[in-house]
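Novice: There's a structure below that I have some questions on.
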Amino acid sequence: MPKPKRVILPLDEEPFFKGMSRPVLARVETFVYHRNYDARQVVYFPDDPCDYVYWVREGRIRVTRVSGDGRELTFRHLGQGDMLGEECMADRPRRNDYAEALEPSTLCLMRADDFRRVAREEVELAHAVAMRLSQRVRELEQILAETVFNTVRSRVCCVLLRLSTRGGNHRMTSLSITHQELANLAGATRETVTGVLHSLRGDGVIELANRRLRIVDMTALRQTAGGG
């Protein structure tokens with residue numbers, strides 16, 4: 001049976017580009033193209049040149065850094081409308097991180113040189129970039145505060161809440177994520193996170209089955225996330 005053809009929304013329906021004028025969108029569209037990635041396919045490696053900026057049109061991408069002794073830190077899970085590779089705005093020559101597709105994904109690509117030039121000349125694009133970077137700073141500050149002040153149980157719930165919003169404006173109640181990936185995002189060990197998940201399941205907050213996590217009680221999840 002043939003696979004269903006992916007339907008990609010026009011740029012003006014994506015969160016990053018929404019609200020931009022038609023002339024600006026038309027100019028951006030002359031520079032972008034789309035590329036499909038299989039699950040577990042690497043988008044870029046550390047030391048790759050910072051030569052493209054990306055937007056997630058479909059699927060899920062994670063950005064990870066691995067230390068010299070093999071320890072792994074996951075910075076972000078990205079979904080539809082999210083941007084990555086924006087470090088090219090600072091003229092950084094090489095990547096520091098891995099970007100990898102967690103499931104079949106479609107990315108929109110734009111060469112860094114074109115992106116920088118259009119952002120300098122089109123205020124709407126520059127404003128969108130500034131808003132996105134400001135949002136990332138706020139998220140990082142929130143994650144830092146959670147890491148310092150919250151229990152692991154609360155941090156896991158905070159991560160689940162963030163992941164549940166990655167599919168757009170609506171809340172996703174079913175998530176495909178491993179215990180290790182969740183531990184990386186929560187800054188904890190896999191064993192500790194597994195214990196937290198079993199506790200949340202026992203409390204009726206989530207269900208675990210077939211490598212998927214389903215949020216059963218969103219209100220309880222929010223309360224636990226804010227409980228420190």
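Here, A, B, ... name the chains of the structure tokens in the order displayed, residue numbers run from 1 inside each chain, and ligands are numbered from 1 in the same displayed order.
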Within 12 Å of segment 87-90 of chain A, counting only C-alpha atoms, which residues qualify if same-chain residues fewer than 3 places away don't, as a list in words?
Specialist: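 The residues that qualify are Asp48, Pro49, Cys50, Asp51, Tyr52, Val53, Tyr54, Met83, Leu84, Pro93, Arg94, Arg95, Asn96, Asp97, Met110, Arg111, Ala112, Asp113, Asp114, Phe115, Arg116, Arg117, Val118, Ala119, Arg120, Ala126, Val129, Ala130 and Leu133 of chain A.
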Novice: Which neighbours of Leu200 of chain A fall inside 10 Å, counting only C-alpha atoms, when residues of the same chain fewer than 4 positions from it are skipped, and could you give them as a PyMOL selection string?
Specialist: chain A and resi 153+156-157+194-196+204-208+215+220-221+224
Novice: According to DSSP computed on the backbone, where in segment 44-188 of chain A is there strand (DSSP E or B)? Give the residues as a VMD selection string.
Specialist: chain A and resid 44 49 52 to 58 61 to 66 72 to 78 83 to 84 94 98 to 101 105 to 111 174 to 175
Novice: Could you check how far atom CA of Arg211 of chain A sits from atom CA of Ser174 of chain A, in Å to one decimal?
Specialist: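 These atoms are spaced 10.6 Å apart.
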Novice: Expressed in Å to a single decimal, how great is the separation between atom CA of Val43 of chain A and atom CA of Arg60 of chain A?
Specialist: 11.6 Å
Novice: For a quick check of understanding, using only C-alpha atoms, which of A:Leu73, A:Val123, A:Ala128, A:Cys108 has the smallest distance to Ala186 of chain A?
Specialist: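 Nearest to Ala186 of chain A: A:Leu73.
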Novice: Give the helix (DSSP H, G or I) residues of segment 65-204 of chain A, as DSSP finds them on the backbone, and put them as a VMD selection string.
Specialist: chain A and resid 86 to 90 112 to 121 123 to 149 152 to 163 179 to 186 190 to 202
Novice: Between A:Glu139, A:Glu72, A:Asp12, A:Glu100, which is the closest to Asn184 of chain A once you count only C-alpha atoms?
Specialist: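 Distance minimum relative to Asn184 of chain A lands on A:Glu72.
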Novice: State, in Å with one decimal place, the distance from atom CA of Asp38 of chain A to atom CA of Gly59 of chain A.
Specialist: 9.8 Å
